[in-house]
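Below: the structure, in structure tokens.
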Amino acid sequence: MIDFKKEISKLVSNQVESLSHGEVEELIEIPPNYNMGDYAMPCFKLAKAFRKSPNVIANEIVEDLKGNELFEKIENAGPYVNFFVNKEVFAQTVLEEIFTKKEKYGSQNIGQNQNVVIDYSAPNIAKPFHVGHLRSTVIGNSLYKIYEFLGYNSVGVNHLGDWGTQFGKMICAYKKWGNDEEIEKEPIKTLHYLYVKFHDEAEKKPELEDEGRLWFKKLEEGDEEAIKLWKWFADLSLREFNRIYDLLKVKFDHYTGESFYNDKMDRVVEMIKEKGILKESEGAYIVNLEKYDMPPCLIIKKDGTTIYATRDITAAIYRKDTFNFAKCLYLTDYSQNLHFAQWMKVIELMGFDWANQLEHAPFGRVSTEQGRLQTRKGNVILLDELLDKAIEKAGSLIEEKNPNLKDKEEVARKVGIGAVIYNDLSNNKIKDIVFNWDRMLSFDGETGPYVQYAHARANSVLEKAQFDISADVDYSLLTNEDTVEVIRLLEGFPQVVVAAMEKNEPSLITRHITDLAQAFNKFYHECPILVDEEELKKARLLLVFAVKNTIKVGLGLLGIEAPEKM
RNA sequence: GCACCCGUAGCUCAGUAGGAUAGAGCAGUGCCCUCCUAAGGCAUGUGCCGGGGGUUCGAAUCCUCUCGGGUGCGCCA
């Protein structure tokens with residue numbers, strides 16, 4: 001595949017001796033408007049070195065570059081040199097590449113099989129799975145696929161919140177008010193009700209708190225009854241979580257939650273102590289981080305028990321030992337920024353040279369118009385409810401628009417879920433989200449269904465054509481503006497995937513395939529595909545194939561399915 | 001109080017390793033289905049880019065101050 005940017009750098013650096021390849025490549029940009037060319041090079045920065053005005057320099061470069069077959073025109077526009085690529089060559093290089101690579105278009109072996117551990121989702125046992133948890137789940141799932149696509153070996157870890165004082169409280173509440181039948185019927189709802197009730201009661205009778213802590217102590221000491229109940233709660237919760245993961249098509253390689261590290265923390269605390277950085281303070285043990293402008297990292301609480309930082313440090317060491325990762329990524333909301341900065345600094349202070357391979361990728365928080373999501377106060381939007389509503393809406397739209405569709409239920413699931421995932425992956429992840437049902441269930445404009453629809457349309461044309469697609473077409477037929485715009489977006493896709501990985505930002509892909517769908521819809525409207533002229537039909541079908549293929553790859557990287565029909 | 005993040009059109013947001021006239025979608029209005037899926041396309045208006053100052057040939061983008069919102073700051077995770 002010809003890289004036009006590189007070709008320009010080559011040309012210019014050959015002409016202008018004092019400039020290297022790389023230097024030129026950094027200067028090249030894409031003009032705000034295509035009537036100014038496909039690529040442009042501003043000459044301001046050369047003005048000083050050459051002691052000439054940028055306009056004169058641009059003009060001279062243009063004179064030197066005349067007559068290159070890759071470009072139909074190289075023009076001087078004030079201080080800019082504008083490059084217009086040869087559209088035929090451009091179409092050929094892009095479409096041949098896609099036709100050859102197909103579902104691998106955009107993939108690369110950047111990772112060289114190195115392991116990347118991705119820690120995502122991590123819901124709390126016995127608590128409802130609400131829209132707040134959705135973000136970590138879908139962002140992590142998407143990054144999992146993106147890293148794989150770029151040649152890494154992704155390891156997905158669900159670091160379940162399955163340990164802590166809260167489980168002592170749960171057991172206590174269960175012993176007092178629990179009913180097995182109700183729990184089996186609606187596990188999380190009932191368990192969560194018990195948990196809330198416990199807190200309400202504890203406000204009146206504080207001694208309940210002690211009782212809860214006692215049960216947690218029993219749990220930590222391996223008390224048979226406590227363990228049995230804890231395990232029961234965990235199994236019930238997981239069963240419900242898995243229903244959601246199945247709907248979302250999200251998978252994990254490991255479900256090693258917090259409890260997994262119980263017997264591994266002593267050794268790590270010992271290591272911190274040996275390094276001489278563990279200090280006693282106010283009855284607890286900390287690592288002082290004053291030097292790094294951070295509050296201390298708490299390792300051991302006053303009562304001798306561990307805390308989540310201890311578990312995170314332990315888990316990181318375990319993961320390094322087990323997977324020898326090149327990178328370990330954590331997807332949580334930004335309220336944990338300080339926590340991650342602290343314990344990662346501790347890893348560094350422990351002398352682990354891989355500390356810089358740990359990376360926290362924070363995202364924004366979800367709230368409702370009523371304010372923050374609070375499970376305890378009932379201000380939650382449950383994920384099952386959201387997913388069900390989205391699927392239901394997709395279903396009724398199918399009834400309305402395409403009642404003869406096959407596999408209606410399956411398509412409704414793909415479209416409904418697609419809308420929800422897309423919604424979460426469409427903006428920069430750091431932005432907060434105020435949940436809004438109308439927005440979430442909108443299927444028009446920049447939405448998942450819009451992109452899926454473009455894909456289904458493309459597929460439909462290909463099916464109707466009954467034609468063996470080939471890359472042996474007359475590329476001079478693919479040079480009108482609506483067509484070229486589509487090809488430009490196809491061409492840009494691989495770089496966007498890389499950027500999405502580098503910034504841990506799936507939304508870059510979301511935006512790009514939305515633009516592609518948009519350009520395709522326009523092309524579809526303007527340029528009839530199944531025309532009588534065989535050569536034109538053949539050429540356009542190749543383009544349609546390339547679009548369908550690229551949208552499908554892009555959606556796949558987001559964890560969104562692409563129905564063939566909808 | 002200190003630290004970090006966010007502030008762009010009525011709403012939701014792109015654009016921020018400085019570059020040419022700041023872009024989409026939604027909402028509103030008006031067109032387009034004898035034509036490959038109208039979940040679509042086309043047209044139409046809107047911007048002290050929160051505000052002041054600075055750096056620069058050039059700032060939504062960098063620096064600084066300031067205002068508004070969010071988050072965090074020792075025994076929850």
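If you're wondering about the labels, chains in the structure tokens are A, B, ... by order shown, residues count from 1 in each chain, ligands from 1 in order shown.
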Mind dumping a table of every chain A residue within 6 Å of chain B, with the nearest atom pair and its distance in Å to one decimal, using only C-alpha atoms (C1' of nucleotides), sorted by chain and rising number, as CSV?
residue,atom,partner,partner_atom,distance
A:Lys301,CA,B:C75,C1',4.9
A:Ser335,CA,B:U71,C1',5.5
A:Gly445,CA,B:G25,C1',5.6
A:Glu446,CA,B:G25,C1',5.4
A:Val461,CA,B:C36,C1',5.5
Segment 122-336 of chain A: residues DSSP assigns to helix (DSSP H, G or I), reported as a PyMOL selection string: chain A and resi 131-149+165-177+180-185+187-204+207-220+224-248+258-274+290-292+308-323+334-336
With C-alpha atoms retained, export the selected residues as a short mmCIF file (atom, residue, chain, number, x, y, z; two decimals), in the first residue's frame.
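The resulting file, result_10.cif, is shown below:
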data_model
loop_
_atom_site.label_atom_id
_atom_site.label_comp_id
_atom_site.auth_asym_id
_atom_site.auth_seq_id
_atom_site.Cartn_x
_atom_site.Cartn_y
_atom_site.Cartn_z
CA VAL A 131 -25.00 1.66 34.26
CA GLY A 132 -21.98 2.90 36.18
CA HIS A 133 -20.34 -0.51 35.73
CA LEU A 134 -21.14 -0.57 32.05
CA ARG A 135 -18.35 1.82 31.17
CA SER A 136 -15.46 -0.18 32.57
CA THR A 137 -16.93 -3.28 30.96
CA VAL A 138 -17.36 -1.99 27.43
CA ILE A 139 -14.23 0.17 27.32
CA GLY A 140 -12.14 -2.70 28.63
CA ASN A 141 -13.73 -5.15 26.25
CA SER A 142 -13.02 -2.88 23.31
CA LEU A 143 -9.40 -2.30 24.31
CA TYR A 144 -9.03 -6.04 24.70
CA LYS A 145 -9.97 -6.48 21.07
CA ILE A 146 -7.91 -3.52 19.85
CA TYR A 147 -4.73 -4.80 21.50
CA GLU A 148 -5.33 -8.27 20.08
CA PHE A 149 -5.86 -6.75 16.64
CA THR A 165 -16.03 -6.14 55.62
CA GLN A 166 -19.19 -5.79 53.56
CA PHE A 167 -19.44 -9.56 53.31
CA GLY A 168 -19.37 -9.90 57.05
CA LYS A 169 -22.29 -7.52 57.12
CA MET A 170 -24.06 -9.49 54.43
CA ILE A 171 -23.72 -12.72 56.34
CA CYS A 172 -24.91 -11.04 59.48
CA ALA A 173 -27.94 -9.60 57.70
CA TYR A 174 -28.71 -12.94 56.13
CA LYS A 175 -28.60 -14.71 59.48
CA LYS A 176 -31.08 -12.23 60.87
CA TRP A 177 -33.57 -11.65 58.07
CA ASP A 180 -33.47 -18.79 51.04
CA GLU A 181 -36.39 -19.00 48.69
CA GLU A 182 -36.42 -15.29 47.94
CA ILE A 183 -32.68 -15.24 47.52
CA GLU A 184 -32.70 -18.09 45.02
CA LYS A 185 -35.46 -16.38 43.10
CA PRO A 187 -30.47 -13.17 44.25
CA ILE A 188 -28.96 -9.76 43.80
CA LYS A 189 -32.12 -7.85 44.49
CA THR A 190 -32.70 -9.73 47.70
CA LEU A 191 -29.10 -9.68 48.86
CA HIS A 192 -28.87 -6.03 48.15
CA TYR A 193 -32.08 -5.45 50.06
CA LEU A 194 -30.54 -7.25 53.04
CA TYR A 195 -27.43 -5.11 52.78
CA VAL A 196 -29.44 -1.89 52.76
CA LYS A 197 -31.56 -3.10 55.63
CA PHE A 198 -28.41 -3.86 57.59
CA HIS A 199 -27.23 -0.28 57.20
CA ASP A 200 -30.58 1.13 58.17
CA GLU A 201 -30.75 -1.02 61.26
CA ALA A 202 -27.13 -0.30 62.14
CA GLU A 203 -27.90 3.37 62.36
CA LYS A 204 -30.23 2.58 65.21
CA GLU A 207 -23.50 -2.84 67.76
CA LEU A 208 -24.62 -4.47 64.51
CA GLU A 209 -21.49 -3.09 62.87
CA ASP A 210 -19.35 -5.03 65.31
CA GLU A 211 -21.35 -8.13 64.63
CA GLY A 212 -20.70 -7.64 60.91
CA ARG A 213 -17.00 -7.16 61.43
CA LEU A 214 -16.94 -10.27 63.56
CA TRP A 215 -18.44 -12.27 60.71
CA PHE A 216 -15.82 -10.89 58.37
CA LYS A 217 -13.13 -11.92 60.80
CA LYS A 218 -14.63 -15.40 60.85
CA LEU A 219 -14.63 -15.35 57.10
CA GLU A 220 -10.97 -14.40 57.00
CA GLU A 224 -16.89 -23.09 57.65
CA GLU A 225 -20.32 -21.50 57.81
CA ALA A 226 -19.05 -18.06 56.83
CA ILE A 227 -17.16 -19.45 53.85
CA LYS A 228 -20.13 -21.47 52.73
CA LEU A 229 -22.45 -18.46 52.78
CA TRP A 230 -19.90 -16.18 51.14
CA LYS A 231 -19.39 -18.67 48.35
CA TRP A 232 -23.12 -19.04 47.90
CA PHE A 233 -23.57 -15.28 47.55
CA ALA A 234 -20.70 -15.11 45.10
CA ASP A 235 -22.07 -17.91 42.93
CA LEU A 236 -25.52 -16.40 42.82
CA SER A 237 -24.15 -13.00 41.86
CA LEU A 238 -21.90 -14.39 39.20
CA ARG A 239 -24.81 -16.22 37.66
CA GLU A 240 -26.61 -12.90 37.22
CA PHE A 241 -23.51 -11.08 36.00
CA ASN A 242 -22.96 -13.74 33.40
CA ARG A 243 -26.39 -13.15 31.96
CA ILE A 244 -25.37 -9.56 31.31
CA TYR A 245 -21.95 -10.52 29.97
CA ASP A 246 -23.66 -12.95 27.58
CA LEU A 247 -25.94 -10.22 26.28
CA LEU A 248 -23.01 -7.88 25.81
CA GLU A 258 -9.99 -9.64 45.48
CA SER A 259 -10.44 -12.78 47.54
CA PHE A 260 -7.96 -14.54 45.31
CA TYR A 261 -5.14 -12.51 46.84
CA ASN A 262 -5.94 -13.23 50.49
CA ASP A 263 -3.13 -15.66 51.03
CA LYS A 264 -0.67 -13.69 48.92
CA MET A 265 -0.61 -10.40 50.74
CA ASP A 266 1.54 -11.34 53.76
CA ARG A 267 4.49 -11.97 51.53
CA VAL A 268 4.05 -8.64 49.77
CA VAL A 269 3.78 -6.71 53.03
CA GLU A 270 6.99 -8.46 54.05
CA MET A 271 8.65 -7.27 50.84
CA ILE A 272 7.61 -3.68 51.45
CA LYS A 273 8.99 -3.93 54.95
CA GLU A 274 12.28 -5.35 53.70
CA GLU A 290 5.43 13.16 50.72
CA LYS A 291 8.42 13.41 48.41
CA TYR A 292 6.10 12.79 45.50
CA TYR A 308 -7.43 -2.36 48.80
CA ALA A 309 -4.07 -0.76 48.01
CA THR A 310 -2.41 -3.83 49.51
CA ARG A 311 -4.55 -6.03 47.31
CA ASP A 312 -3.81 -4.01 44.19
CA ILE A 313 -0.08 -4.13 44.84
CA THR A 314 -0.29 -7.86 45.45
CA ALA A 315 -2.38 -8.41 42.35
CA ALA A 316 0.06 -6.42 40.19
CA ILE A 317 3.01 -8.48 41.39
CA TYR A 318 1.08 -11.70 40.89
CA ARG A 319 0.13 -10.66 37.36
CA LYS A 320 3.68 -9.72 36.49
CA ASP A 321 4.89 -13.10 37.76
CA THR A 322 2.12 -14.99 36.01
CA PHE A 323 1.77 -13.19 32.69
CA TYR A 334 -11.29 8.91 37.67
CA SER A 335 -12.29 9.12 41.30
CA GLN A 336 -9.62 6.48 41.85
#
Atomic separation - atom CA of Glu392 of chain A relative to atom CA of Gly416 of chain A, Å: 7.4 Å
Sel. of strand (DSSP E) residues, segment 285-377 of chain A, as a PyMOL selection string: chain A and resi 285-287+297-300+327-333+358-363+366-368+371-372
Take the residues just selected and output them with N, CA and C atoms as a CSV table (one decimal), in the first residue's frame.
chain,number,residue,atom,x,y,z
A,285,TYR,N,0.1,1.1,59.3
A,285,TYR,CA,1.3,1.0,58.5
A,285,TYR,C,1.2,1.6,57.1
A,286,ILE,N,2.1,2.5,56.8
A,286,ILE,CA,1.9,3.3,55.6
A,286,ILE,C,3.2,3.3,54.8
A,287,VAL,N,3.2,3.7,53.5
A,287,VAL,CA,4.3,4.1,52.8
A,287,VAL,C,4.2,5.6,52.6
A,297,CYS,N,0.4,6.1,51.4
A,297,CYS,CA,-0.4,4.9,50.9
A,297,CYS,C,-0.5,4.0,52.1
A,298,LEU,N,-1.8,3.8,52.4
A,298,LEU,CA,-2.1,2.9,53.6
A,298,LEU,C,-1.9,1.4,53.2
A,299,ILE,N,-1.1,0.7,54.0
A,299,ILE,CA,-0.9,-0.7,53.7
A,299,ILE,C,-1.6,-1.6,54.7
A,300,ILE,N,-1.4,-1.3,55.9
A,300,ILE,CA,-2.1,-2.1,57.0
A,300,ILE,C,-2.9,-1.2,57.9
A,327,LYS,N,2.3,-4.7,29.5
A,327,LYS,CA,1.5,-3.6,30.0
A,327,LYS,C,0.4,-4.2,30.8
A,328,CYS,N,0.0,-3.4,31.9
A,328,CYS,CA,-1.2,-3.9,32.7
A,328,CYS,C,-2.1,-2.6,32.8
A,329,LEU,N,-3.2,-2.7,32.3
A,329,LEU,CA,-4.2,-1.6,32.2
A,329,LEU,C,-5.3,-1.7,33.1
A,330,TYR,N,-5.7,-0.7,33.8
A,330,TYR,CA,-6.8,-0.7,34.7
A,330,TYR,C,-7.8,0.3,34.3
A,331,LEU,N,-9.1,-0.2,34.1
A,331,LEU,CA,-10.2,0.7,33.7
A,331,LEU,C,-11.1,0.9,34.9
A,332,THR,N,-11.0,2.1,35.4
A,332,THR,CA,-11.9,2.6,36.5
A,332,THR,C,-12.2,4.0,36.3
A,333,ASP,N,-13.2,4.5,37.0
A,333,ASP,CA,-13.5,5.9,36.8
A,333,ASP,C,-12.4,6.8,37.5
A,358,LEU,N,2.6,-0.3,34.3
A,358,LEU,CA,1.3,-0.3,34.9
A,358,LEU,C,0.6,1.0,34.4
A,359,GLU,N,-0.6,0.9,34.0
A,359,GLU,CA,-1.3,2.1,33.5
A,359,GLU,C,-2.7,2.2,33.9
A,360,HIS,N,-3.1,3.3,34.6
A,360,HIS,CA,-4.5,3.5,34.9
A,360,HIS,C,-5.1,4.3,33.8
A,361,ALA,N,-6.2,3.8,33.2
A,361,ALA,CA,-6.9,4.5,32.2
A,361,ALA,C,-8.3,5.0,32.7
A,362,PRO,N,-8.3,6.2,33.2
A,362,PRO,CA,-9.5,6.6,33.9
A,362,PRO,C,-10.6,7.1,32.9
A,363,PHE,N,-11.9,6.9,33.3
A,363,PHE,CA,-13.0,7.5,32.5
A,363,PHE,C,-13.9,8.2,33.4
A,366,VAL,N,-20.8,8.4,35.7
A,366,VAL,CA,-22.2,8.4,35.3
A,366,VAL,C,-23.1,8.9,36.4
A,367,SER,N,-24.0,9.8,36.1
A,367,SER,CA,-25.0,10.3,37.1
A,367,SER,C,-26.3,10.4,36.3
A,368,THR,N,-27.3,10.7,37.1
A,368,THR,CA,-28.6,11.0,36.5
A,368,THR,C,-29.0,12.4,36.7
A,371,GLY,N,-28.9,13.4,40.2
A,371,GLY,CA,-27.6,13.4,40.9
A,371,GLY,C,-26.9,12.1,40.8
A,372,ARG,N,-25.9,11.9,41.7
A,372,ARG,CA,-25.1,10.7,41.5
A,372,ARG,C,-25.8,9.4,41.8
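Each of A:Leu477, A:Leu508, A:Leu516, A:Val24 was compared to Lys537 of chain A using only C-alpha atoms, and A:Leu477 turns out to be the nearest.
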Selection: 12 Å around U16 of chain B, only C-alpha atoms (C1' of nucleotides), excl. self and same-chain fewer than 2 positions, as a PyMOL selection string: chain B and resi 8+14+18+49+59-62
Save the residues we just selected, C-alpha atoms (C1' of nucleotides), as a CSV table (one decimal), in the first residue's frame?
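out_13.csv, freshly written:
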chain,number,residue,atom,x,y,z
B,8,U,C1',-16.6,24.9,22.2
B,14,A,C1',-15.6,16.4,17.8
B,18,G,C1',-0.2,25.6,17.5
B,49,C,C1',-14.2,28.4,21.7
B,59,A,C1',-3.8,30.3,19.8
B,60,A,C1',-10.1,26.7,20.8
B,61,U,C1',-5.1,24.3,21.2
B,62,C,C1',0.8,26.5,24.9
